[in-house]
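**Student:** Structure: protein_6.pdb, PDB, C-alpha atoms and all ligand atoms.
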```
ATOM      1  CA  MET A  80      -4.553  12.748  20.438
ATOM      2  CA  THR A  81      -4.867   9.853  22.866
ATOM      3  CA  LEU A  82      -2.054   7.350  23.221
ATOM      4  CA  ASN A  83      -4.212   4.618  24.714
ATOM      5  CA  THR A  84      -5.912   2.341  22.189
ATOM      6  CA  ASN A  85      -9.658   2.814  22.642
ATOM      7  CA  LEU A  86     -11.808  -0.072  21.382
ATOM      8  CA  GLN A  87     -15.145   0.948  22.923
ATOM      9  CA  ASN A  88     -17.986  -0.287  20.702
ATOM     10  CA  ARG A  89     -15.619  -2.495  18.702
ATOM     11  CA  VAL A  90     -15.920  -6.260  18.299
ATOM     12  CA  ALA A  91     -12.776  -8.405  18.231
ATOM     13  CA  LEU A  92     -12.114 -12.028  17.306
ATOM     14  CA  VAL A  93      -8.979 -13.729  18.616
ATOM     15  CA  THR A  94      -8.332 -17.201  17.220
ATOM     16  CA  GLY A  95      -6.735 -19.715  19.585
ATOM     17  CA  ALA A  96      -7.557 -17.631  22.651
ATOM     18  CA  SER A  97      -8.233 -20.390  25.197
ATOM     19  CA  ARG A  98      -4.689 -20.098  26.573
ATOM     20  CA  GLY A  99      -1.210 -18.683  26.039
ATOM     21  CA  ILE A 100      -0.655 -15.639  23.850
ATOM     22  CA  GLY A 101      -4.221 -15.617  22.482
ATOM     23  CA  ALA A 102      -5.744 -15.480  25.973
ATOM     24  CA  ALA A 103      -3.491 -12.544  26.911
ATOM     25  CA  ILE A 104      -4.485 -10.714  23.701
ATOM     26  CA  ALA A 105      -8.201 -11.338  24.349
ATOM     27  CA  LEU A 106      -7.898  -9.879  27.869
ATOM     28  CA  ALA A 107      -5.951  -6.854  26.607
ATOM     29  CA  LEU A 108      -8.512  -6.124  23.876
ATOM     30  CA  ALA A 109     -11.285  -6.293  26.473
ATOM     31  CA  GLU A 110      -9.327  -3.919  28.750
ATOM     32  CA  ALA A 111      -9.288  -1.499  25.800
ATOM     33  CA  GLY A 112     -13.085  -1.726  25.634
ATOM     34  CA  ALA A 113     -13.773  -4.319  22.926
ATOM     35  CA  ALA A 114     -16.357  -7.092  23.054
ATOM     36  CA  VAL A 115     -14.290 -10.225  22.419
ATOM     37  CA  ALA A 116     -14.968 -13.564  20.732
ATOM     38  CA  ILE A 117     -12.638 -16.242  22.061
ATOM     39  CA  ASN A 118     -12.039 -18.997  19.528
ATOM     40  CA  TYR A 119     -10.607 -22.367  20.511
ATOM     41  CA  ARG A 120     -10.259 -25.826  19.039
ATOM     42  CA  GLU A 121     -10.935 -28.198  21.961
ATOM     43  CA  ARG A 122     -10.268 -26.574  25.344
ATOM     44  CA  GLY A 123     -13.737 -25.148  25.954
ATOM     45  CA  THR A 124     -13.362 -24.913  29.723
ATOM     46  CA  GLN A 125     -10.210 -22.824  29.431
ATOM     47  CA  ALA A 126     -11.847 -20.605  26.809
ATOM     48  CA  GLU A 127     -14.839 -20.106  29.113
ATOM     49  CA  SER A 128     -12.566 -18.974  31.978
ATOM     50  CA  VAL A 129     -10.994 -16.348  29.703
ATOM     51  CA  ALA A 130     -14.521 -15.178  28.774
ATOM     52  CA  ASN A 131     -15.547 -15.077  32.441
ATOM     53  CA  ALA A 132     -12.490 -13.003  33.350
ATOM     54  CA  ILE A 133     -13.538 -10.510  30.662
ATOM     55  CA  ARG A 134     -17.177 -10.445  31.818
ATOM     56  CA  GLN A 135     -16.051  -9.835  35.422
ATOM     57  CA  ARG A 136     -14.283  -6.708  34.202
ATOM     58  CA  GLY A 137     -17.534  -5.508  32.646
ATOM     59  CA  SER A 138     -16.987  -6.288  28.963
ATOM     60  CA  ARG A 139     -18.901  -8.608  26.624
ATOM     61  CA  ALA A 140     -17.338 -11.933  25.652
ATOM     62  CA  MET A 141     -18.318 -15.187  23.963
ATOM     63  CA  THR A 142     -16.530 -18.439  23.262
ATOM     64  CA  VAL A 143     -16.669 -20.155  19.890
ATOM     65  CA  ALA A 144     -15.293 -23.589  19.024
ATOM     66  CA  ALA A 145     -14.001 -23.883  15.460
ATOM     67  CA  ASP A 146     -11.106 -25.515  13.680
ATOM     68  CA  VAL A 147      -9.878 -22.404  11.886
ATOM     69  CA  SER A 148      -8.065 -24.452   9.245
ATOM     70  CA  ARG A 149     -11.490 -25.361   7.768
ATOM     71  CA  GLY A 150     -13.457 -22.941   5.636
ATOM     72  CA  ASP A 151     -16.903 -24.189   6.649
ATOM     73  CA  ALA A 152     -16.045 -23.920  10.358
ATOM     74  CA  VAL A 153     -14.664 -20.384   9.917
ATOM     75  CA  LYS A 154     -17.797 -19.243   8.094
ATOM     76  CA  ALA A 155     -20.066 -20.694  10.809
ATOM     77  CA  MET A 156     -17.887 -19.025  13.494
ATOM     78  CA  ALA A 157     -18.042 -15.598  11.790
ATOM     79  CA  ASP A 158     -21.838 -15.860  11.401
ATOM     80  CA  ARG A 159     -22.273 -16.727  15.102
ATOM     81  CA  ILE A 160     -20.087 -13.830  16.226
ATOM     82  CA  ALA A 161     -21.942 -11.369  13.981
ATOM     83  CA  ALA A 162     -25.252 -12.569  15.431
ATOM     84  CA  GLU A 163     -24.152 -12.486  19.101
ATOM     85  CA  LEU A 164     -21.687  -9.580  19.311
ATOM     86  CA  GLY A 165     -21.975  -7.716  15.985
ATOM     87  CA  ALA A 166     -19.730  -7.283  12.958
ATOM     88  CA  ILE A 167     -16.034  -7.998  13.585
ATOM     89  CA  ASP A 168     -13.816  -4.871  13.630
ATOM     90  CA  VAL A 169     -10.593  -6.438  14.910
ATOM     91  CA  LEU A 170      -9.232  -9.841  13.883
ATOM     92  CA  VAL A 171      -6.188 -11.389  15.533
ATOM     93  CA  ASN A 172      -5.001 -14.506  13.714
ATOM     94  CA  ASN A 173      -3.229 -16.221  16.593
ATOM     95  CA  ALA A 174      -4.187 -19.939  16.484
ATOM     96  CA  GLY A 175      -1.179 -22.086  15.748
ATOM     97  CA  VAL A 176       0.523 -25.413  16.231
ATOM     98  CA  GLY A 177       4.213 -25.909  16.947
ATOM     99  CA  LEU A 178       5.190 -29.488  16.145
ATOM    100  CA  VAL A 179       8.899 -30.085  16.783
ATOM    101  CA  ARG A 180      10.388 -31.996  13.835
ATOM    102  CA  GLY A 181      13.787 -32.469  12.244
ATOM    103  CA  ILE A 182      14.355 -32.746   8.492
ATOM    104  CA  ASP A 183      14.344 -36.536   8.632
ATOM    105  CA  ASP A 184      11.224 -37.065  10.765
ATOM    106  CA  LEU A 185       8.988 -34.396   9.209
ATOM    107  CA  THR A 186       6.063 -36.100   7.444
ATOM    108  CA  GLU A 187       3.762 -34.819   4.707
ATOM    109  CA  ALA A 188       0.896 -34.880   7.236
ATOM    110  CA  ASP A 189       2.897 -32.732   9.693
ATOM    111  CA  PHE A 190       3.708 -30.249   6.936
ATOM    112  CA  ASP A 191       0.098 -30.037   5.703
ATOM    113  CA  LEU A 192      -1.303 -29.628   9.234
ATOM    114  CA  THR A 193       1.153 -26.849  10.062
ATOM    115  CA  ILE A 194       0.446 -24.901   6.880
ATOM    116  CA  ALA A 195      -3.330 -25.373   7.302
ATOM    117  CA  VAL A 196      -3.494 -24.258  10.949
ATOM    118  CA  ASN A 197      -0.792 -21.571  10.942
ATOM    119  CA  LEU A 198      -1.235 -20.058   7.467
ATOM    120  CA  LYS A 199      -4.419 -21.091   5.666
ATOM    121  CA  SER A 200      -6.471 -20.214   8.764
ATOM    122  CA  ALA A 201      -5.307 -16.591   8.529
ATOM    123  CA  PHE A 202      -6.462 -16.475   4.895
ATOM    124  CA  LEU A 203      -9.847 -18.028   5.758
ATOM    125  CA  CYS A 204     -10.513 -15.762   8.759
ATOM    126  CA  THR A 205      -9.385 -12.637   6.910
ATOM    127  CA  GLN A 206     -11.642 -13.411   3.937
ATOM    128  CA  ALA A 207     -14.536 -13.884   6.365
ATOM    129  CA  VAL A 208     -14.148 -10.469   8.059
ATOM    130  CA  ILE A 209     -13.222  -8.243   5.096
ATOM    131  CA  PRO A 210     -16.729  -7.557   3.675
ATOM    132  CA  ALA A 211     -18.062  -6.022   6.928
ATOM    133  CA  MET A 212     -14.817  -4.083   7.552
ATOM    134  CA  ARG A 213     -14.918  -2.651   4.023
ATOM    135  CA  ALA A 214     -18.543  -1.642   4.470
ATOM    136  CA  ARG A 215     -17.599   0.385   7.586
ATOM    137  CA  LYS A 216     -14.262   1.622   6.166
ATOM    138  CA  TRP A 217     -12.453   0.519   9.335
ATOM    139  CA  GLY A 218     -10.686  -2.663  10.347
ATOM    140  CA  ARG A 219      -7.617  -3.990  12.124
ATOM    141  CA  ILE A 220      -6.025  -7.341  11.335
ATOM    142  CA  VAL A 221      -3.018  -8.587  13.283
ATOM    143  CA  ASN A 222      -1.264 -11.834  12.383
ATOM    144  CA  ILE A 223       0.797 -13.561  15.054
ATOM    145  CA  SER A 224       3.896 -14.612  13.170
ATOM    146  CA  SER A 225       7.181 -15.695  14.791
ATOM    147  CA  GLY A 226      10.887 -14.943  14.773
ATOM    148  CA  ALA A 227      11.022 -18.212  12.812
ATOM    149  CA  ALA A 228       9.576 -16.403   9.760
ATOM    150  CA  ARG A 229      12.995 -14.803   9.211
ATOM    151  CA  GLY A 230      15.369 -16.585  11.591
ATOM    152  CA  PRO A 231      16.368 -20.231  12.113
ATOM    153  CA  GLY A 232      13.558 -20.992  14.604
ATOM    154  CA  ALA A 233      13.448 -23.765  17.192
ATOM    155  CA  LEU A 234      10.679 -26.043  15.887
ATOM    156  CA  GLY A 235      11.401 -26.990  12.283
ATOM    157  CA  LEU A 236      11.316 -25.847   8.682
ATOM    158  CA  HIS A 237       7.561 -26.550   8.334
ATOM    159  CA  TYR A 238       6.979 -23.951  11.064
ATOM    160  CA  ASN A 239       9.442 -21.478   9.442
ATOM    161  CA  ALA A 240       7.549 -21.847   6.148
ATOM    162  CA  SER A 241       4.115 -21.349   7.734
ATOM    163  CA  LYS A 242       5.159 -18.134   9.471
ATOM    164  CA  ALA A 243       7.088 -16.738   6.484
ATOM    165  CA  GLY A 244       3.915 -17.349   4.463
ATOM    166  CA  MET A 245       1.910 -15.478   7.066
ATOM    167  CA  GLU A 246       4.132 -12.429   6.665
ATOM    168  CA  GLY A 247       3.652 -12.592   2.875
ATOM    169  CA  LEU A 248      -0.104 -12.745   3.450
ATOM    170  CA  THR A 249       0.200  -9.723   5.767
ATOM    171  CA  ARG A 250       1.876  -7.576   3.106
ATOM    172  CA  GLY A 251      -0.427  -8.819   0.332
ATOM    173  CA  TYR A 252      -3.579  -7.906   2.245
ATOM    174  CA  ALA A 253      -2.079  -4.653   3.593
ATOM    175  CA  ALA A 254      -1.410  -3.374   0.074
ATOM    176  CA  ARG A 255      -4.910  -4.225  -1.098
ATOM    177  CA  LEU A 256      -6.908  -3.035   1.927
ATOM    178  CA  VAL A 257      -5.210   0.235   2.914
ATOM    179  CA  LYS A 258      -7.659   2.338   0.876
ATOM    180  CA  ASP A 259     -10.551   0.716   2.773
ATOM    181  CA  GLY A 260      -9.260   1.934   6.152
ATOM    182  CA  ILE A 261      -8.119  -1.564   7.093
ATOM    183  CA  THR A 262      -4.597  -2.098   8.425
ATOM    184  CA  VAL A 263      -2.909  -5.506   8.348
ATOM    185  CA  ASN A 264       0.247  -6.057  10.382
ATOM    186  CA  ALA A 265       2.161  -8.919  11.966
ATOM    187  CA  VAL A 266       3.587  -9.282  15.462
ATOM    188  CA  ALA A 267       6.446 -11.770  15.596
ATOM    189  CA  PRO A 268       7.313 -13.117  19.043
ATOM    190  CA  THR A 269      10.280 -15.326  19.844
ATOM    191  CA  LEU A 270      10.255 -17.799  22.764
ATOM    192  CA  ILE A 271       7.252 -16.811  24.863
ATOM    193  CA  GLU A 272       6.362 -18.717  28.057
ATOM    194  CA  THR A 273       3.314 -20.795  27.005
ATOM    195  CA  ASP A 274       2.350 -24.461  26.621
ATOM    196  CA  MET A 275       3.992 -24.393  23.179
ATOM    197  CA  MET A 276       7.393 -23.802  24.792
ATOM    198  CA  ARG A 277       6.937 -26.152  27.767
ATOM    199  CA  GLY A 278      10.071 -28.242  28.271
ATOM    200  CA  ARG A 279      12.140 -25.955  26.016
ATOM    201  CA  GLU A 280      13.596 -23.841  28.854
ATOM    202  CA  ASP A 281      17.062 -24.666  27.479
ATOM    203  CA  LEU A 282      16.312 -22.110  24.760
ATOM    204  CA  VAL A 283      16.611 -19.241  27.278
ATOM    205  CA  ALA A 284      20.345 -19.348  26.556
ATOM    206  CA  ARG A 285      19.555 -17.927  23.088
ATOM    207  CA  ILE A 286      17.874 -14.800  24.473
ATOM    208  CA  PRO A 287      20.165 -11.857  25.330
ATOM    209  CA  LEU A 288      17.651 -10.527  27.878
ATOM    210  CA  GLY A 289      18.085 -13.799  29.792
ATOM    211  CA  ARG A 290      14.446 -14.926  30.072
ATOM    212  CA  LEU A 291      11.470 -16.062  28.013
ATOM    213  CA  GLY A 292       8.937 -13.428  26.996
ATOM    214  CA  HIS A 293       5.508 -13.110  28.665
ATOM    215  CA  PRO A 294       2.224 -13.421  26.739
ATOM    216  CA  ASP A 295       1.266  -9.953  28.078
ATOM    217  CA  GLU A 296       4.290  -8.450  26.320
ATOM    218  CA  VAL A 297       2.992  -9.795  22.997
ATOM    219  CA  ALA A 298      -0.505  -8.497  23.788
ATOM    220  CA  GLN A 299       0.925  -5.046  24.471
ATOM    221  CA  ALA A 300       2.487  -4.970  20.980
ATOM    222  CA  VAL A 301      -0.818  -6.085  19.414
ATOM    223  CA  LEU A 302      -2.627  -3.195  21.117
ATOM    224  CA  MET A 303       0.035  -0.766  19.938
ATOM    225  CA  VAL A 304      -0.342  -1.912  16.330
ATOM    226  CA  ILE A 305      -4.146  -1.733  16.480
ATOM    227  CA  GLY A 306      -3.960   1.829  17.820
ATOM    228  CA  ASN A 307      -1.982   3.131  14.839
ATOM    229  CA  ALA A 308      -3.939   3.919  11.659
ATOM    230  CA  TYR A 309      -0.822   4.901   9.649
ATOM    231  CA  MET A 310       1.041   1.627  10.162
ATOM    232  CA  THR A 311       0.292  -1.244   7.811
ATOM    233  CA  GLY A 312       2.128  -4.154   6.196
ATOM    234  CA  GLN A 313       4.716  -4.229   8.989
ATOM    235  CA  THR A 314       6.097  -6.896  11.295
ATOM    236  CA  VAL A 315       6.934  -5.987  14.904
ATOM    237  CA  GLN A 316       9.505  -8.249  16.562
ATOM    238  CA  ILE A 317       9.164  -9.127  20.275
ATOM    239  CA  ASN A 318      12.296 -11.081  21.073
ATOM    240  CA  GLY A 319      14.349  -9.914  24.075
ATOM    241  CA  GLY A 320      17.137  -8.695  21.803
ATOM    242  CA  THR A 321      17.563 -11.984  19.926
ATOM    243  CA  ASN A 322      17.999 -10.175  16.599
ATOM    244  CA  PHE A 323      17.164  -6.898  14.883
ATOM    245  CA  ILE A 324      15.690  -7.939  11.522
TER     246      ILE A 324
HETATM  247  P1  LIG B   1      -0.452 -22.505  22.709
HETATM  248  O1  LIG B   1      -0.289 -22.134  24.142
HETATM  249  O2  LIG B   1      -0.071 -23.867  22.244
HETATM  250  O3  LIG B   1      -1.993 -22.213  22.302
HETATM  251  C1  LIG B   1      -2.429 -22.497  21.001
HETATM  252  C2  LIG B   1      -3.839 -21.969  20.821
HETATM  253  O4  LIG B   1      -4.240 -22.234  19.463
HETATM  254  C3  LIG B   1      -4.857 -22.666  21.710
HETATM  255  O5  LIG B   1      -5.850 -21.728  22.073
HETATM  256  C4  LIG B   1      -5.462 -23.729  20.781
HETATM  257  O6  LIG B   1      -6.784 -24.107  21.135
HETATM  258  C5  LIG B   1      -5.462 -22.960  19.473
HETATM  259  N1  LIG B   1      -5.535 -23.801  18.283
HETATM  260  C6  LIG B   1      -4.633 -24.709  17.845
HETATM  261  N2  LIG B   1      -5.061 -25.267  16.697
HETATM  262  C7  LIG B   1      -6.260 -24.669  16.409
HETATM  263  C8  LIG B   1      -7.204 -24.822  15.361
HETATM  264  N3  LIG B   1      -7.004 -25.699  14.361
HETATM  265  N4  LIG B   1      -8.323 -24.065  15.386
HETATM  266  C9  LIG B   1      -8.534 -23.185  16.393
HETATM  267  N5  LIG B   1      -7.670 -23.004  17.415
HETATM  268  C10 LIG B   1      -6.555 -23.754  17.409
HETATM  269  O7  LIG B   1       0.337 -21.518  21.749
HETATM  270  P2  LIG B   1       0.988 -20.056  22.004
HETATM  271  O8  LIG B   1       2.394 -20.261  22.401
HETATM  272  O9  LIG B   1       0.088 -19.215  22.825
HETATM  273  O10 LIG B   1       1.020 -19.536  20.495
HETATM  274  C11 LIG B   1       0.066 -18.662  19.955
HETATM  275  C12 LIG B   1       0.579 -18.190  18.588
HETATM  276  O11 LIG B   1       1.836 -17.546  18.760
HETATM  277  C13 LIG B   1       0.825 -19.321  17.582
HETATM  278  O12 LIG B   1       0.470 -18.902  16.288
HETATM  279  C14 LIG B   1       2.326 -19.546  17.673
HETATM  280  O13 LIG B   1       2.841 -20.099  16.483
HETATM  281  C15 LIG B   1       2.793 -18.117  17.902
HETATM  282  N6  LIG B   1       4.125 -18.010  18.507
HETATM  283  C16 LIG B   1       4.380 -18.550  19.737
HETATM  284  C17 LIG B   1       5.657 -18.429  20.276
HETATM  285  C18 LIG B   1       6.025 -18.967  21.637
HETATM  286  O14 LIG B   1       7.216 -18.952  21.968
HETATM  287  N7  LIG B   1       5.080 -19.449  22.435
HETATM  288  C19 LIG B   1       6.661 -17.763  19.546
HETATM  289  C20 LIG B   1       6.358 -17.255  18.305
HETATM  290  C21 LIG B   1       5.084 -17.375  17.795
HETATM  291  P3  LIG B   1      -7.032 -25.298  22.252
HETATM  292  O15 LIG B   1      -6.586 -24.728  23.565
HETATM  293  O16 LIG B   1      -8.508 -25.529  22.205
HETATM  294  O17 LIG B   1      -6.202 -26.471  21.835
END
```
Hey, can you dump this file as structure tokens for me?
Ligand code: NAP
**Tutor:**
Amino acid sequence: MTLNTNLQNRVALVTGASRGIGAAIALALAEAGAAVAINYRERGTQAESVANAIRQRGSRAMTVAADVSRGDAVKAMADRIAAELGAIDVLVNNAGVGLVRGIDDLTEADFDLTIAVNLKSAFLCTQAVIPAMRARKWGRIVNISSGAARGPGALGLHYNASKAGMEGLTRGYAARLVKDGITVNAVAPTLIETDMMRGREDLVARIPLGRLGHPDEVAQAVLMVIGNAYMTGQTVQINGGTNFI
């Protein structure tokens, strides 16, 4: 038995991988041997530098612009990846938005956008990769949730709802795909040092460890989950001791 996750000859898609947690996950998957597709919405230059960092380490990488909240864009993205890198074996649903809103200033448009980007995208991307995973009887899907799925959260109830929905999606797919050799798990970080948390350093006071988490620490948990064939339908918390749910 090897304890290191080996992804040689595997193809991975990470949504929202131009920066932050997604970029760290893309680099970690490449370190494990995977060819990686780096999805982004608008920051193509940043996505290209993640791809170049992967290529410099000797792995294959491509960038792909797509708004993952739209079905037509997700289908076109999946077709391009299949043509350039091969069928997707590993999907990490990471793309997300973190609008900060209180009860009284949360609009219908904010709510719809958050659910579409944080939750519906995971449904669309998962539907797109399942047929090829089923055909090969192997697949790994990891959904990047948040401590806000179960705790109070720092952004707003729209964000709580989107991430709680993502964990429901995780269990629903896990139950239905386990016999096909496909595992579906969630990794739930709390307060990680990225653009999403810029200006929110005051929140460090909530973390018993006394600092924000690093994107690499989330990536490490994603690799751990992908390496375990017997684990499915679970959520792994990465939160510096904030809670133990
Ligand atoms: P970030 O630095 O703001 O990066 C967000 C990423 O998502 C970017 O790559 C962005 O692409 C992409 N994106 C946004 N909307 C998209 C869309 N419609 N289609 C495709 N890509 C889209 O965020 P982060 O902090 O790394 O967060 C990554 C994930 O972790 C999110 O799901 C977030 O909810 C979750 N999370 C974060 C924290 C935290 O403390 N940071 C805690 C818990 C959970 P562009 O660069 O092109 O805009």
**Student:** Write out as a PyMOL selection string each polymer residue (protein, DNA or RNA) that has an atom no more than 7 Å from ligand LIG 1 (chain B), with all atoms listed in the file counted.
**Tutor:** chain A and resi 94-101+118-123+145-148+173-177+196-197+223-226+267-276
**Student:** Axis-aligned box over every listed atom of stretch 138-142 of chain A, padded by 4 Å per side: centre and edges in Å to one decimal, as JSON?
**Tutor:**
```
{"center_x": -17.7, "center_y": -12.4, "center_z": 26.1, "size_x": 10.4, "size_y": 20.2, "size_z": 13.7}
```
**Student:** Mind pulling up the distance from atom CA of A:Leu82 to atom CA of A:Met212?
**Tutor:**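 Atom-to-atom, atom CA of A:Met212 to atom CA of A:Leu82, that is 23.2 Å.
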**Student:** So, counting all atoms listed in the file, which residue among A:Gly306, A:Ala195, A:Lys258, A:Ala166 is closest to A:Gly244?
**Tutor:**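 Closest candidate: A:Ala195.
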**Student:** Evaluate the PyMOL selection byres (((chain A and resi 219) around 8) and not hetatm) on the structure here and hand back the selected residues as a PyMOL selection string.
**Tutor:** chain A and resi 168-170+217-218+220-221+261-263+305
**Student:** With C-alpha atoms retained, export the selected residues as a compact mmCIF listing (two decimals), in the frame of the given file.
**Tutor:**
```txt
# COMPACT_ATOMS: atom_id res chain seq x y z
CA ASP A 168 -13.82 -4.87 13.63
CA VAL A 169 -10.59 -6.44 14.91
CA LEU A 170 -9.23 -9.84 13.88
CA TRP A 217 -12.45 0.52 9.34
CA GLY A 218 -10.69 -2.66 10.35
CA ILE A 220 -6.02 -7.34 11.34
CA VAL A 221 -3.02 -8.59 13.28
CA ILE A 261 -8.12 -1.56 7.09
CA THR A 262 -4.60 -2.10 8.43
CA VAL A 263 -2.91 -5.51 8.35
CA ILE A 305 -4.15 -1.73 16.48
```
**Student:** Return as a list in words the set of residues that the PyMOL selection byres (((chain A and resi 310) around 10) and not hetatm) yields on the displayed structure.
**Tutor:** Ala253, Val257, Thr262, Val263, Asn264, Val304, Ile305, Gly306, Asn307, Ala308, Tyr309, Thr311, Gly312, Gln313 and Thr314 of chain A
**Student:** What separation in Å, quoted to one decimal, exists between atom CA of A:Val266 and atom CA of A:Asn222?
**Tutor:**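 For atom CA of A:Val266 relative to atom CA of A:Asn222, the distance reads 6.3 Å.
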**Student:** Nearest to A:Ala265: which of A:Lys242, A:Arg285, A:Arg213, A:Arg279 is it, counting all atoms listed in the file?
**Tutor:**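 Closest to A:Ala265 of all the choices is A:Lys242.
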**Student:** When the PyMOL selection byres (((chain A and resi 154) around 12) and not hetatm) is applied to the file above, which residues end up in the set, as a short mmCIF file (atom, residue, chain, number, x, y, z; two decimals) with C-alpha atoms, in the frame of the given file?
**Tutor:**
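This went into selection01.cif:
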```cif
data_model
loop_
_atom_site.label_atom_id
_atom_site.label_comp_id
_atom_site.auth_asym_id
_atom_site.auth_seq_id
_atom_site.Cartn_x
_atom_site.Cartn_y
_atom_site.Cartn_z
CA VAL A 143 -16.67 -20.16 19.89
CA ALA A 145 -14.00 -23.88 15.46
CA ASP A 146 -11.11 -25.52 13.68
CA VAL A 147 -9.88 -22.40 11.89
CA SER A 148 -8.06 -24.45 9.24
CA ARG A 149 -11.49 -25.36 7.77
CA GLY A 150 -13.46 -22.94 5.64
CA ASP A 151 -16.90 -24.19 6.65
CA ALA A 152 -16.05 -23.92 10.36
CA VAL A 153 -14.66 -20.38 9.92
CA ALA A 155 -20.07 -20.69 10.81
CA MET A 156 -17.89 -19.02 13.49
CA ALA A 157 -18.04 -15.60 11.79
CA ASP A 158 -21.84 -15.86 11.40
CA ARG A 159 -22.27 -16.73 15.10
CA ILE A 160 -20.09 -13.83 16.23
CA ALA A 161 -21.94 -11.37 13.98
CA SER A 200 -6.47 -20.21 8.76
CA LEU A 203 -9.85 -18.03 5.76
CA CYS A 204 -10.51 -15.76 8.76
CA THR A 205 -9.38 -12.64 6.91
CA GLN A 206 -11.64 -13.41 3.94
CA ALA A 207 -14.54 -13.88 6.36
CA VAL A 208 -14.15 -10.47 8.06
#
```
**Student:** As an exercise, work out the distance from atom CA of A:Glu163 to atom CA of A:Ser128 in Å and give it to one decimal place.
**Tutor:**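 Atom-to-atom, atom CA of A:Glu163 and atom CA of A:Ser128 are spaced 18.5 Å apart.
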**Student:** Write out as a VMD selection string each polymer residue whose atoms come within 12 Å of A:Pro231, counting all atoms listed in the file; drop sequence neighbours fewer than 3 positions from it.
**Tutor:** chain A and resid 225 to 228 234 to 240 242 to 243 269 285 321 to 322
**Student:** Given the selection you just returned, output its residues as a file containing C-alpha atoms, formatted as a JSON list (two decimals), in the frame of the given file.
**Tutor:**
```json
[["chain", "number", "residue", "atom", "x", "y", "z"],
["A", 225, "SER", "CA", 7.18, -15.70, 14.79],
["A", 226, "GLY", "CA", 10.89, -14.94, 14.77],
["A", 227, "ALA", "CA", 11.02, -18.21, 12.81],
["A", 228, "ALA", "CA", 9.58, -16.40, 9.76],
["A", 234, "LEU", "CA", 10.68, -26.04, 15.89],
["A", 235, "GLY", "CA", 11.40, -26.99, 12.28],
["A", 236, "LEU", "CA", 11.32, -25.85, 8.68],
["A", 237, "HIS", "CA", 7.56, -26.55, 8.33],
["A", 238, "TYR", "CA", 6.98, -23.95, 11.06],
["A", 239, "ASN", "CA", 9.44, -21.48, 9.44],
["A", 240, "ALA", "CA", 7.55, -21.85, 6.15],
["A", 242, "LYS", "CA", 5.16, -18.13, 9.47],
["A", 243, "ALA", "CA", 7.09, -16.74, 6.48],
["A", 269, "THR", "CA", 10.28, -15.33, 19.84],
["A", 285, "ARG", "CA", 19.56, -17.93, 23.09],
["A", 321, "THR", "CA", 17.56, -11.98, 19.93],
["A", 322, "ASN", "CA", 18.00, -10.18, 16.60]]
```
**Student:** For A:Ala116, work out the shell of residues within 6 Å, counting only C-alpha atoms and skipping chain neighbours fewer than 4 positions away, then give it as a PyMOL selection string.
**Tutor:** chain A and resi 92+140-142
**Student:** List the spatial neighbours of A:Glu110 as JSON, numbers by chain - criterion: any atom at most 12 Å away, all atoms listed in the file, same-chain residues fewer than 4 positions off excluded.
**Tutor:** {"A": [83, 84, 85, 86, 87, 89, 91, 103, 104, 105, 106, 114, 115, 132, 133, 134, 135, 136, 137, 138, 139, 140, 298, 299, 302]}
**Student:** Provide stretch 293-300 of chain A rebuilt to N, CA, C and O atoms, formatted as a PDB file, in the frame of the given file.
**Tutor:**
```
ATOM      1  N   HIS A 293       6.823 -12.850  28.068  1.00  0.00           N
ATOM      2  CA  HIS A 293       5.508 -13.110  28.665  1.00  0.00           C
ATOM      3  C   HIS A 293       4.415 -12.869  27.623  1.00  0.00           C
ATOM      4  O   HIS A 293       4.521 -11.931  26.826  1.00  0.00           O
ATOM      5  N   PRO A 294       3.352 -13.664  27.653  1.00  0.00           N
ATOM      6  CA  PRO A 294       2.224 -13.421  26.739  1.00  0.00           C
ATOM      7  C   PRO A 294       1.723 -11.969  26.787  1.00  0.00           C
ATOM      8  O   PRO A 294       1.371 -11.397  25.750  1.00  0.00           O
ATOM      9  N   ASP A 295       1.732 -11.351  27.968  1.00  0.00           N
ATOM     10  CA  ASP A 295       1.266  -9.953  28.078  1.00  0.00           C
ATOM     11  C   ASP A 295       2.126  -8.999  27.248  1.00  0.00           C
ATOM     12  O   ASP A 295       1.640  -7.967  26.778  1.00  0.00           O
ATOM     13  N   GLU A 296       3.409  -9.331  27.102  1.00  0.00           N
ATOM     14  CA  GLU A 296       4.290  -8.450  26.320  1.00  0.00           C
ATOM     15  C   GLU A 296       3.930  -8.513  24.832  1.00  0.00           C
ATOM     16  O   GLU A 296       4.072  -7.525  24.103  1.00  0.00           O
ATOM     17  N   VAL A 297       3.460  -9.682  24.385  1.00  0.00           N
ATOM     18  CA  VAL A 297       2.992  -9.795  22.997  1.00  0.00           C
ATOM     19  C   VAL A 297       1.675  -9.024  22.840  1.00  0.00           C
ATOM     20  O   VAL A 297       1.473  -8.284  21.875  1.00  0.00           O
ATOM     21  N   ALA A 298       0.796  -9.188  23.839  1.00  0.00           N
ATOM     22  CA  ALA A 298      -0.505  -8.497  23.788  1.00  0.00           C
ATOM     23  C   ALA A 298      -0.321  -6.979  23.731  1.00  0.00           C
ATOM     24  O   ALA A 298      -1.039  -6.279  23.012  1.00  0.00           O
ATOM     25  N   GLN A 299       0.665  -6.489  24.459  1.00  0.00           N
ATOM     26  CA  GLN A 299       0.925  -5.046  24.471  1.00  0.00           C
ATOM     27  C   GLN A 299       1.292  -4.551  23.066  1.00  0.00           C
ATOM     28  O   GLN A 299       0.843  -3.495  22.613  1.00  0.00           O
ATOM     29  N   ALA A 300       2.101  -5.348  22.354  1.00  0.00           N
ATOM     30  CA  ALA A 300       2.487  -4.970  20.980  1.00  0.00           C
ATOM     31  C   ALA A 300       1.276  -5.017  20.046  1.00  0.00           C
ATOM     32  O   ALA A 300       1.145  -4.181  19.148  1.00  0.00           O
TER      33      ALA A 300
END
```
